[in-house]
There are 2 protein chains.
Amino acid sequence: MKQKLTTRFTERFGLDHPIALAPMDKVAGGRLAAAVSAAGGLGLIGGGYGEAAWLDRAISQAGNQRVGVGFITWSVARQPELIEAALARAPAGLMVSFGDAEEMISAAKAADVPTLWQVQRLNQAEQALKAGVDVLVVQGQEAGGHGMDRGLTALLPAVRDRAGPEQIILAAGGIADGRGLAASLMLGADGVLMGTRFWASTEAEGSAAAKAALVASGGDETVRSKVFDVARGVDWPWHFTGRIVANDFLKRWHGNIDALKQESAAQQAIYEASDPDDFSTRVLIAGEALDLIASIETARDIVETTVSEAHALLCESSRYLAS
Amino acid sequence: MKQKLTTRFTERFGLDHPIALAPMDKVAGGRLAAAVSAAGGLGLIGGGYGEAAWLDRAISQAGNQRVGVGFITWSVARQPELIEAALARAPAGLMVSFGDAEEMISAAKAADVPTLWQVQRLNQAEQALKAGVDVLVVQGQEAGGHGMDRGLTALLPAVRDRAGPEQIILAAGGIADGRGLAASLMLGADGVLMGTRFWASTEAEGSAAAKAALVASGGDETVRSKVFDVARGVDWPWHFTGRIVANDFLKRWHGNIDALKQESAAQQAIYEASDPDDFSTRVLIAGEALDLIASIETARDIVETTVSEAHALLCESSRYLAS
């Protein structure tokens, strides 16, 4: 019999498992989101910076599966029509990250779409709670891609204390297996949102070379940096850094961002002229959980292995108890 | 009846509880270490950079309680006689952090003293395992004071996978209550090492003003920086940063370390002339767990509350299980 873990999150969203897919820009397409939902989790398409045509295609690819969609708040705020279009599809949820999302949360509530707001600091959690978000996603600095500086271990219980016992909370950042899921439940979460683990999946968008590079890399090699935002000319608010696998391009510029800014046009040209699978130059976005990822798996295998491992850990936890 | 949690760590050291005191330099004196040991945990005196007279006094203060001692590896390596003196006292354990500790581990083994080696990256864990350390302490970047950049959530299970099932492992960084202890067990640890939580204790060395400042501060305010090492003229290897509560002095120099280096003598004089309890200038060392600390408690209350909270969480974990 298939094992399940039941939490406020699974009950609210009608899921078998308390696992959500991080809406990774361009990586979490319709195929991956649908596969996570089909496996009993919550699939979220990576709407990213906001490209209407890509998003339309991804939602269509998800077919009959109930999936949600996630956006980069500060970017999609410049295209409110995209939020309207996404809400018109009645997604399973609207997730926002990185910026002030009060208006998007209001629009989603008006459309009766459940809301998720990812935060990186305790003061951001307070802002999201004030907006009445349905699910607070607490992201530690371990996460791949954009984020901030606080670690999950202390931030998650602090957010729980501030949010009260009834708020639905998901943990994100550095989680790739049942140990991370079980630990997140102990820290006060109702489930997890996993990115890097699902990036290394059969259904993720992305080349075989990129996925092989994920499996070959480790957490010690990752670093939070501004290099690739500057090199790609992406206008991120300065306090958000991106965790990526360090490569030659990064090592050249990481300690020298001011110089990179000064020749950003030239470096952007070099970057864009490089082979998309040449990860000595190209950015490989990934989190510290890389150490826990030994092979490319299907989304279903990832979900089921994670749940059965967490299930076993929780069952066996009585071995620690003495009186 | 007093609750207990039994792990490989408690069994190896004959403890009631899987909780160790971080050997915080100058803060973890004989009184605090003895109080943690008396409460059933493992008290470790903060031998720090190595001051023979201070250490002697601290060990004497611990009286009849079995306590261990911890050192900053790169610093105490310059005073091997201090390690010999500490080992001659037959401490409950010798803990080393921050640097190559093979020789100290060998000396402790020869003296039949149990060894603990704190690591911050997976490659350091491999080095410590090769040296045959008894207890591997895995420190996440959430920790107060010196450390590195990896978060506990992903690093701890990665170290467990590398170390194998029998190695004793403690989790450190961002842990201040039973949620952190229960989560650490799920991630593969056999117990925890807590710093900031014990710094905010009755028995910790340090002024009432410093302890009040800890209770008043939060994790969002902390930052990892080189500022205070440079300002105090302490010669730390460059890859180790210190997590402290941001203050005016830090804000002035954090983004401008090169300039601080150039006028380090003048700034060191300003720093040392300041009131030791003026935390707008003076460093207040603390980790992200500050959010979880609402009052100064006795070491015994901290140990017992942490264990009973973890005990309850593990007992109640069956509520998540469905089939």
# chains A, B, ... in the order shown; residues from 1 in each chain; ligands from 1
call {"tool": "residues_around", "arguments": {"residues": "segment 259-271 of chain A", "least_positions_apart": "6", "cutoff": "7 Å", "atoms": "only C-alpha atoms", "output": "MDAnalysis selection string"}}
result
chainID A and resid 230:233 253 281:282
call {"tool": "residues_around", "arguments": {"residues": "Glu11 of chain A", "least_positions_apart": "2", "cutoff": "12 Å", "atoms": "only C-alpha atoms", "output": "list in words"}}
result
Lys4, Leu5, Thr6, Thr7, Arg8, Phe9, Phe13, Gly14, Leu15, Asp16, His17, Pro18, Gly41, Leu42, Ile168, Asp190 and Gly191 of chain A; Tyr320 of chain B
call {"tool": "write_last_selection", "arguments": {"atoms": "all heavy atoms", "output": "compact mmCIF listing (two decimals), in the first residue's frame"}}
result
# COMPACT_ATOMS: atom_id res chain seq x y z
N LYS A 4 1.42 7.51 2.80
CA LYS A 4 1.05 8.91 2.70
C LYS A 4 1.45 9.62 3.98
O LYS A 4 1.59 9.02 5.03
CB LYS A 4 -0.48 9.06 2.54
CG LYS A 4 -1.03 8.56 1.23
CD LYS A 4 -2.51 8.90 1.16
CE LYS A 4 -3.14 8.27 -0.08
NZ LYS A 4 -4.54 8.70 -0.23
N LEU A 5 1.63 10.92 3.86
CA LEU A 5 1.78 11.77 5.04
C LEU A 5 0.70 12.84 4.94
O LEU A 5 0.56 13.49 3.90
CB LEU A 5 3.16 12.43 5.06
CG LEU A 5 4.35 11.50 5.28
CD1 LEU A 5 5.65 12.26 5.11
CD2 LEU A 5 4.29 10.85 6.65
N THR A 6 -0.06 12.99 5.99
CA THR A 6 -1.18 13.92 5.98
C THR A 6 -0.86 15.14 6.83
O THR A 6 -0.45 15.01 7.98
CB THR A 6 -2.44 13.23 6.54
OG1 THR A 6 -2.69 12.07 5.74
CG2 THR A 6 -3.65 14.15 6.48
N THR A 7 -1.02 16.31 6.25
CA THR A 7 -0.80 17.57 6.96
C THR A 7 -1.89 18.56 6.56
O THR A 7 -2.69 18.28 5.66
CB THR A 7 0.56 18.20 6.61
OG1 THR A 7 0.51 18.70 5.26
CG2 THR A 7 1.71 17.19 6.71
N ARG A 8 -1.91 19.72 7.23
CA ARG A 8 -2.81 20.79 6.81
C ARG A 8 -2.68 21.10 5.32
O ARG A 8 -3.64 21.46 4.66
CB ARG A 8 -2.48 22.08 7.59
CG ARG A 8 -3.18 22.25 8.90
CD ARG A 8 -2.70 23.53 9.53
NE ARG A 8 -1.29 23.39 9.88
CZ ARG A 8 -0.83 23.37 11.13
NH1 ARG A 8 -1.64 23.55 12.14
NH2 ARG A 8 0.43 23.21 11.37
N PHE A 9 -1.46 21.01 4.81
CA PHE A 9 -1.21 21.33 3.39
C PHE A 9 -1.88 20.33 2.47
O PHE A 9 -2.56 20.70 1.51
CB PHE A 9 0.30 21.38 3.14
CG PHE A 9 0.69 21.59 1.70
CD1 PHE A 9 0.26 22.71 0.99
CD2 PHE A 9 1.52 20.67 1.06
CE1 PHE A 9 0.64 22.89 -0.34
CE2 PHE A 9 1.90 20.85 -0.27
CZ PHE A 9 1.45 21.96 -0.96
N PHE A 13 -5.17 21.27 -0.04
CA PHE A 13 -5.04 21.18 -1.50
C PHE A 13 -5.49 19.83 -2.06
O PHE A 13 -5.39 19.61 -3.27
CB PHE A 13 -3.59 21.47 -1.93
CG PHE A 13 -3.23 22.93 -1.85
CD1 PHE A 13 -2.91 23.54 -0.65
CD2 PHE A 13 -3.24 23.73 -2.99
CE1 PHE A 13 -2.60 24.89 -0.56
CE2 PHE A 13 -2.93 25.08 -2.93
CZ PHE A 13 -2.60 25.65 -1.71
N GLY A 14 -5.97 18.95 -1.21
CA GLY A 14 -6.43 17.65 -1.69
C GLY A 14 -5.33 16.81 -2.31
O GLY A 14 -5.50 16.22 -3.38
N LEU A 15 -4.16 16.77 -1.63
CA LEU A 15 -3.00 16.06 -2.16
C LEU A 15 -2.78 14.74 -1.41
O LEU A 15 -3.25 14.58 -0.28
CB LEU A 15 -1.74 16.92 -1.98
CG LEU A 15 -1.77 18.35 -2.52
CD1 LEU A 15 -0.54 19.12 -2.07
CD2 LEU A 15 -1.90 18.35 -4.04
N ASP A 16 -2.05 13.84 -2.04
CA ASP A 16 -1.62 12.63 -1.34
C ASP A 16 -0.38 12.89 -0.49
O ASP A 16 -0.17 12.22 0.53
CB ASP A 16 -1.27 11.52 -2.34
CG ASP A 16 -2.51 10.93 -3.00
OD1 ASP A 16 -3.62 11.12 -2.44
OD2 ASP A 16 -2.37 10.30 -4.05
N HIS A 17 0.46 13.84 -0.93
CA HIS A 17 1.78 14.02 -0.30
C HIS A 17 2.08 15.50 -0.08
O HIS A 17 1.77 16.32 -0.94
CB HIS A 17 2.87 13.43 -1.20
CG HIS A 17 2.65 12.00 -1.57
ND1 HIS A 17 2.50 11.01 -0.63
CD2 HIS A 17 2.54 11.38 -2.78
CE1 HIS A 17 2.32 9.85 -1.24
NE2 HIS A 17 2.33 10.05 -2.54
N PRO A 18 2.75 15.82 1.04
CA PRO A 18 3.03 17.23 1.34
C PRO A 18 4.29 17.74 0.62
O PRO A 18 5.23 18.21 1.25
CB PRO A 18 3.21 17.22 2.86
CG PRO A 18 3.79 15.88 3.15
CD PRO A 18 3.18 14.93 2.14
N GLY A 41 1.63 15.19 -5.53
CA GLY A 41 2.11 16.44 -4.95
C GLY A 41 1.43 17.63 -5.63
O GLY A 41 0.43 17.48 -6.32
N LEU A 42 2.00 18.81 -5.41
CA LEU A 42 1.48 20.02 -6.05
C LEU A 42 2.50 20.51 -7.07
O LEU A 42 3.57 21.00 -6.70
CB LEU A 42 1.21 21.12 -5.00
CG LEU A 42 0.72 22.45 -5.58
CD1 LEU A 42 -0.63 22.31 -6.26
CD2 LEU A 42 0.66 23.53 -4.48
N ILE A 168 -0.65 27.55 7.20
CA ILE A 168 0.04 26.53 6.40
C ILE A 168 1.41 27.08 5.99
O ILE A 168 1.51 28.18 5.45
CB ILE A 168 -0.76 26.13 5.15
CG1 ILE A 168 -2.13 25.56 5.56
CG2 ILE A 168 0.02 25.11 4.32
CD1 ILE A 168 -3.03 25.24 4.39
N ASP A 190 4.40 22.29 7.24
CA ASP A 190 3.34 21.35 6.86
C ASP A 190 3.69 20.61 5.58
O ASP A 190 2.84 19.91 5.02
CB ASP A 190 2.03 22.10 6.68
CG ASP A 190 1.65 22.87 7.94
OD1 ASP A 190 1.36 22.22 8.95
OD2 ASP A 190 1.69 24.12 7.91
N GLY A 191 4.90 20.81 5.10
CA GLY A 191 5.33 20.16 3.88
C GLY A 191 6.54 20.88 3.33
O GLY A 191 7.08 21.78 3.98
N TYR B 320 1.17 12.39 11.54
CA TYR B 320 1.32 12.62 10.11
C TYR B 320 1.11 11.37 9.28
O TYR B 320 0.98 11.43 8.07
CB TYR B 320 2.73 13.14 9.80
CG TYR B 320 3.04 14.46 10.42
CD1 TYR B 320 4.02 14.59 11.40
CD2 TYR B 320 2.36 15.61 10.02
CE1 TYR B 320 4.32 15.82 11.96
CE2 TYR B 320 2.65 16.84 10.57
CZ TYR B 320 3.62 16.94 11.55
OH TYR B 320 3.91 18.16 12.10
call {"tool": "interface_residues", "arguments": {"of": "chain B", "to": "chain A", "cutoff": "7 Å", "atoms": "only C-alpha atoms", "output": "PyMOL selection string"}}
result
chain B and resi 1-7+121-122+142+151-154+158+174-175+179-180+182-184+186-187+220+288-289+291-292+311+313-315+317-318+320-323
call {"tool": "atom_distance", "arguments": {"atom1": "atom CA of Asp275 of chain A", "atom2": "atom CA of Ala209 of chain A"}}
result
11.4 Å
call {"tool": "select_by_dssp", "arguments": {"residues": "segment 12-107 of chain B", "states": "helix (DSSP H, G or I)", "output": "number ranges by chain"}}
result
B: 12-13, 30-38, 52-61, 73-76, 80-88, 102-107
call {"tool": "write_last_selection", "arguments": {"atoms": "C-alpha atoms", "output": "PDB file, in the first residue's frame"}}
result
ATOM      1  CA  ARG B  12      29.227   6.900  24.146  1.00  0.00           C
ATOM      2  CA  PHE B  13      29.568   9.758  26.643  1.00  0.00           C
ATOM      3  CA  GLY B  30      33.740  26.572  33.938  1.00  0.00           C
ATOM      4  CA  ARG B  31      30.462  27.582  35.508  1.00  0.00           C
ATOM      5  CA  LEU B  32      28.404  27.202  32.318  1.00  0.00           C
ATOM      6  CA  ALA B  33      30.152  24.009  31.221  1.00  0.00           C
ATOM      7  CA  ALA B  34      29.597  22.464  34.657  1.00  0.00           C
ATOM      8  CA  ALA B  35      25.926  23.496  34.611  1.00  0.00           C
ATOM      9  CA  VAL B  36      25.347  21.843  31.237  1.00  0.00           C
ATOM     10  CA  SER B  37      27.061  18.657  32.405  1.00  0.00           C
ATOM     11  CA  ALA B  38      25.131  18.708  35.679  1.00  0.00           C
ATOM     12  CA  ALA B  52      46.621  29.139  29.664  1.00  0.00           C
ATOM     13  CA  ALA B  53      45.629  31.096  32.786  1.00  0.00           C
ATOM     14  CA  TRP B  54      41.998  31.571  31.712  1.00  0.00           C
ATOM     15  CA  LEU B  55      41.695  27.904  30.822  1.00  0.00           C
ATOM     16  CA  ASP B  56      43.181  26.773  34.111  1.00  0.00           C
ATOM     17  CA  ARG B  57      40.721  28.901  36.021  1.00  0.00           C
ATOM     18  CA  ALA B  58      37.772  27.683  33.947  1.00  0.00           C
ATOM     19  CA  ILE B  59      38.665  24.042  34.466  1.00  0.00           C
ATOM     20  CA  SER B  60      38.998  24.636  38.198  1.00  0.00           C
ATOM     21  CA  GLN B  61      35.626  26.413  38.256  1.00  0.00           C
ATOM     22  CA  THR B  73      42.448  24.942  15.822  1.00  0.00           C
ATOM     23  CA  TRP B  74      44.553  27.382  13.758  1.00  0.00           C
ATOM     24  CA  SER B  75      45.242  29.518  16.828  1.00  0.00           C
ATOM     25  CA  VAL B  76      46.024  26.842  19.387  1.00  0.00           C
ATOM     26  CA  PRO B  80      50.851  22.828  21.408  1.00  0.00           C
ATOM     27  CA  GLU B  81      51.724  22.969  25.119  1.00  0.00           C
ATOM     28  CA  LEU B  82      48.163  24.163  25.800  1.00  0.00           C
ATOM     29  CA  ILE B  83      46.717  21.029  24.202  1.00  0.00           C
ATOM     30  CA  GLU B  84      49.058  18.919  26.305  1.00  0.00           C
ATOM     31  CA  ALA B  85      47.999  20.768  29.450  1.00  0.00           C
ATOM     32  CA  ALA B  86      44.318  20.322  28.605  1.00  0.00           C
ATOM     33  CA  LEU B  87      44.767  16.622  27.857  1.00  0.00           C
ATOM     34  CA  ALA B  88      46.637  16.150  31.136  1.00  0.00           C
ATOM     35  CA  GLU B 102      45.177  15.803  12.657  1.00  0.00           C
ATOM     36  CA  GLU B 103      47.969  16.221  15.198  1.00  0.00           C
ATOM     37  CA  MET B 104      45.631  17.308  17.998  1.00  0.00           C
ATOM     38  CA  ILE B 105      43.364  14.346  17.296  1.00  0.00           C
ATOM     39  CA  SER B 106      46.368  12.012  17.468  1.00  0.00           C
ATOM     40  CA  ALA B 107      47.516  13.542  20.741  1.00  0.00           C
TER      41      ALA B 107
END
call {"tool": "atom_distance", "arguments": {"atom1": "atom CA of Arg78 of chain B", "atom2": "atom CA of Leu94 of chain B"}}
result
16.7 Å
call {"tool": "residues_around", "arguments": {"residues": "Ile285 of chain B", "least_positions_apart": "6", "cutoff": "8 Å", "atoms": "only C-alpha atoms", "output": "PyMOL selection string"}}
result
chain B and resi 144-145+242-245
call {"tool": "residues_around", "arguments": {"residues": "Asp277 of chain B", "least_positions_apart": "2", "cutoff": "12 Å", "atoms": "only C-alpha atoms", "output": "ChimeraX atom specification"}}
result
/B:206-213,271-275,279-284
call {"tool": "select_by_dssp", "arguments": {"residues": "segment 97-277 of chain B", "states": "strand (DSSP E)", "output": "PyMOL selection string"}}
result
chain B and resi 97+115-119+135-139+145-147+168-172+192-194+222-225+241-245
call {"tool": "residues_around", "arguments": {"residues": "Glu297 of chain A", "least_positions_apart": "6", "cutoff": "9 Å", "atoms": "only C-alpha atoms", "output": "list in words"}}
result
Arg197, Phe198, Ala200, Ser201, Thr202 and Glu203 of chain A
call {"tool": "atom_distance", "arguments": {"atom1": "atom CA of Gly195 of chain B", "atom2": "atom CA of Ile169 of chain A"}}
result
26.9 Å
call {"tool": "decode", "arguments": {"residues": "segment 129-141 of chain A", "atoms": "all heavy atoms", "output": "PDB file, in the first residue's frame"}}
result
ATOM      1  N   LEU A 129       1.960  37.483   5.899  1.00  0.00           N
ATOM      2  CA  LEU A 129       0.851  37.138   6.800  1.00  0.00           C
ATOM      3  C   LEU A 129      -0.185  38.244   6.809  1.00  0.00           C
ATOM      4  O   LEU A 129      -1.393  37.980   6.808  1.00  0.00           O
ATOM      5  CB  LEU A 129       1.386  36.892   8.214  1.00  0.00           C
ATOM      6  CG  LEU A 129       2.195  35.602   8.405  1.00  0.00           C
ATOM      7  CD1 LEU A 129       2.942  35.628   9.730  1.00  0.00           C
ATOM      8  CD2 LEU A 129       1.280  34.378   8.306  1.00  0.00           C
ATOM      9  N   LYS A 130       0.275  39.474   6.810  1.00  0.00           N
ATOM     10  CA  LYS A 130      -0.632  40.615   6.804  1.00  0.00           C
ATOM     11  C   LYS A 130      -1.499  40.613   5.543  1.00  0.00           C
ATOM     12  O   LYS A 130      -2.659  41.019   5.563  1.00  0.00           O
ATOM     13  CB  LYS A 130       0.183  41.910   6.905  1.00  0.00           C
ATOM     14  CG  LYS A 130      -0.588  43.075   7.460  1.00  0.00           C
ATOM     15  CD  LYS A 130       0.318  44.286   7.720  1.00  0.00           C
ATOM     16  CE  LYS A 130       1.277  44.054   8.866  1.00  0.00           C
ATOM     17  NZ  LYS A 130       2.202  45.198   9.068  1.00  0.00           N
ATOM     18  N   ALA A 131      -0.927  40.142   4.456  1.00  0.00           N
ATOM     19  CA  ALA A 131      -1.680  40.084   3.195  1.00  0.00           C
ATOM     20  C   ALA A 131      -2.661  38.911   3.180  1.00  0.00           C
ATOM     21  O   ALA A 131      -3.442  38.763   2.237  1.00  0.00           O
ATOM     22  CB  ALA A 131      -0.715  39.976   2.020  1.00  0.00           C
ATOM     23  N   GLY A 132      -2.606  38.063   4.218  1.00  0.00           N
ATOM     24  CA  GLY A 132      -3.550  36.948   4.302  1.00  0.00           C
ATOM     25  C   GLY A 132      -3.247  35.802   3.357  1.00  0.00           C
ATOM     26  O   GLY A 132      -4.148  35.131   2.850  1.00  0.00           O
ATOM     27  N   VAL A 133      -1.974  35.548   3.126  1.00  0.00           N
ATOM     28  CA  VAL A 133      -1.594  34.476   2.202  1.00  0.00           C
ATOM     29  C   VAL A 133      -2.034  33.116   2.751  1.00  0.00           C
ATOM     30  O   VAL A 133      -2.053  32.892   3.965  1.00  0.00           O
ATOM     31  CB  VAL A 133      -0.060  34.525   1.967  1.00  0.00           C
ATOM     32  CG1 VAL A 133       0.704  34.015   3.172  1.00  0.00           C
ATOM     33  CG2 VAL A 133       0.309  33.777   0.708  1.00  0.00           C
ATOM     34  N   ASP A 134      -2.400  32.202   1.851  1.00  0.00           N
ATOM     35  CA  ASP A 134      -2.845  30.875   2.282  1.00  0.00           C
ATOM     36  C   ASP A 134      -1.668  30.007   2.723  1.00  0.00           C
ATOM     37  O   ASP A 134      -1.754  29.303   3.723  1.00  0.00           O
ATOM     38  CB  ASP A 134      -3.591  30.170   1.146  1.00  0.00           C
ATOM     39  CG  ASP A 134      -4.869  30.887   0.779  1.00  0.00           C
ATOM     40  OD1 ASP A 134      -5.696  31.107   1.684  1.00  0.00           O
ATOM     41  OD2 ASP A 134      -5.031  31.262  -0.400  1.00  0.00           O
ATOM     42  N   VAL A 135      -0.595  30.046   1.948  1.00  0.00           N
ATOM     43  CA  VAL A 135       0.579  29.216   2.250  1.00  0.00           C
ATOM     44  C   VAL A 135       1.812  30.108   2.277  1.00  0.00           C
ATOM     45  O   VAL A 135       2.097  30.812   1.315  1.00  0.00           O
ATOM     46  CB  VAL A 135       0.776  28.114   1.184  1.00  0.00           C
ATOM     47  CG1 VAL A 135       2.031  27.290   1.502  1.00  0.00           C
ATOM     48  CG2 VAL A 135      -0.446  27.232   1.090  1.00  0.00           C
ATOM     49  N   LEU A 136       2.519  30.031   3.391  1.00  0.00           N
ATOM     50  CA  LEU A 136       3.773  30.760   3.521  1.00  0.00           C
ATOM     51  C   LEU A 136       4.878  29.768   3.183  1.00  0.00           C
ATOM     52  O   LEU A 136       4.979  28.716   3.809  1.00  0.00           O
ATOM     53  CB  LEU A 136       3.887  31.227   4.965  1.00  0.00           C
ATOM     54  CG  LEU A 136       4.748  32.401   5.354  1.00  0.00           C
ATOM     55  CD1 LEU A 136       4.502  33.612   4.485  1.00  0.00           C
ATOM     56  CD2 LEU A 136       4.481  32.744   6.818  1.00  0.00           C
ATOM     57  N   VAL A 137       5.686  30.079   2.181  1.00  0.00           N
ATOM     58  CA  VAL A 137       6.827  29.232   1.844  1.00  0.00           C
ATOM     59  C   VAL A 137       8.074  29.895   2.414  1.00  0.00           C
ATOM     60  O   VAL A 137       8.368  31.039   2.088  1.00  0.00           O
ATOM     61  CB  VAL A 137       6.971  29.054   0.318  1.00  0.00           C
ATOM     62  CG1 VAL A 137       8.131  28.111  -0.002  1.00  0.00           C
ATOM     63  CG2 VAL A 137       5.668  28.550  -0.295  1.00  0.00           C
ATOM     64  N   VAL A 138       8.766  29.175   3.294  1.00  0.00           N
ATOM     65  CA  VAL A 138       9.953  29.724   3.963  1.00  0.00           C
ATOM     66  C   VAL A 138      11.184  29.131   3.290  1.00  0.00           C
ATOM     67  O   VAL A 138      11.425  27.930   3.360  1.00  0.00           O
ATOM     68  CB  VAL A 138       9.946  29.378   5.465  1.00  0.00           C
ATOM     69  CG1 VAL A 138      11.192  29.931   6.144  1.00  0.00           C
ATOM     70  CG2 VAL A 138       8.688  29.935   6.125  1.00  0.00           C
ATOM     71  N   GLN A 139      11.932  29.995   2.615  1.00  0.00           N
ATOM     72  CA  GLN A 139      13.074  29.528   1.827  1.00  0.00           C
ATOM     73  C   GLN A 139      14.395  29.848   2.512  1.00  0.00           C
ATOM     74  O   GLN A 139      14.717  31.006   2.758  1.00  0.00           O
ATOM     75  CB  GLN A 139      13.048  30.210   0.446  1.00  0.00           C
ATOM     76  CG  GLN A 139      14.149  29.718  -0.489  1.00  0.00           C
ATOM     77  CD  GLN A 139      14.439  30.697  -1.623  1.00  0.00           C
ATOM     78  OE1 GLN A 139      14.441  31.905  -1.426  1.00  0.00           O
ATOM     79  NE2 GLN A 139      14.688  30.173  -2.806  1.00  0.00           N
ATOM     80  N   GLY A 140      15.173  28.818   2.799  1.00  0.00           N
ATOM     81  CA  GLY A 140      16.502  29.009   3.366  1.00  0.00           C
ATOM     82  C   GLY A 140      17.524  29.324   2.296  1.00  0.00           C
ATOM     83  O   GLY A 140      17.298  29.067   1.101  1.00  0.00           O
ATOM     84  N   GLN A 141      18.671  29.837   2.742  1.00  0.00           N
ATOM     85  CA  GLN A 141      19.709  30.244   1.790  1.00  0.00           C
ATOM     86  C   GLN A 141      20.364  29.050   1.094  1.00  0.00           C
ATOM     87  O   GLN A 141      21.089  29.232   0.121  1.00  0.00           O
ATOM     88  CB  GLN A 141      20.752  31.106   2.501  1.00  0.00           C
ATOM     89  CG  GLN A 141      21.507  30.419   3.635  1.00  0.00           C
ATOM     90  CD  GLN A 141      22.674  29.608   3.154  1.00  0.00           C
ATOM     91  OE1 GLN A 141      23.386  30.031   2.261  1.00  0.00           O
ATOM     92  NE2 GLN A 141      22.860  28.428   3.745  1.00  0.00           N
TER      93      GLN A 141
END
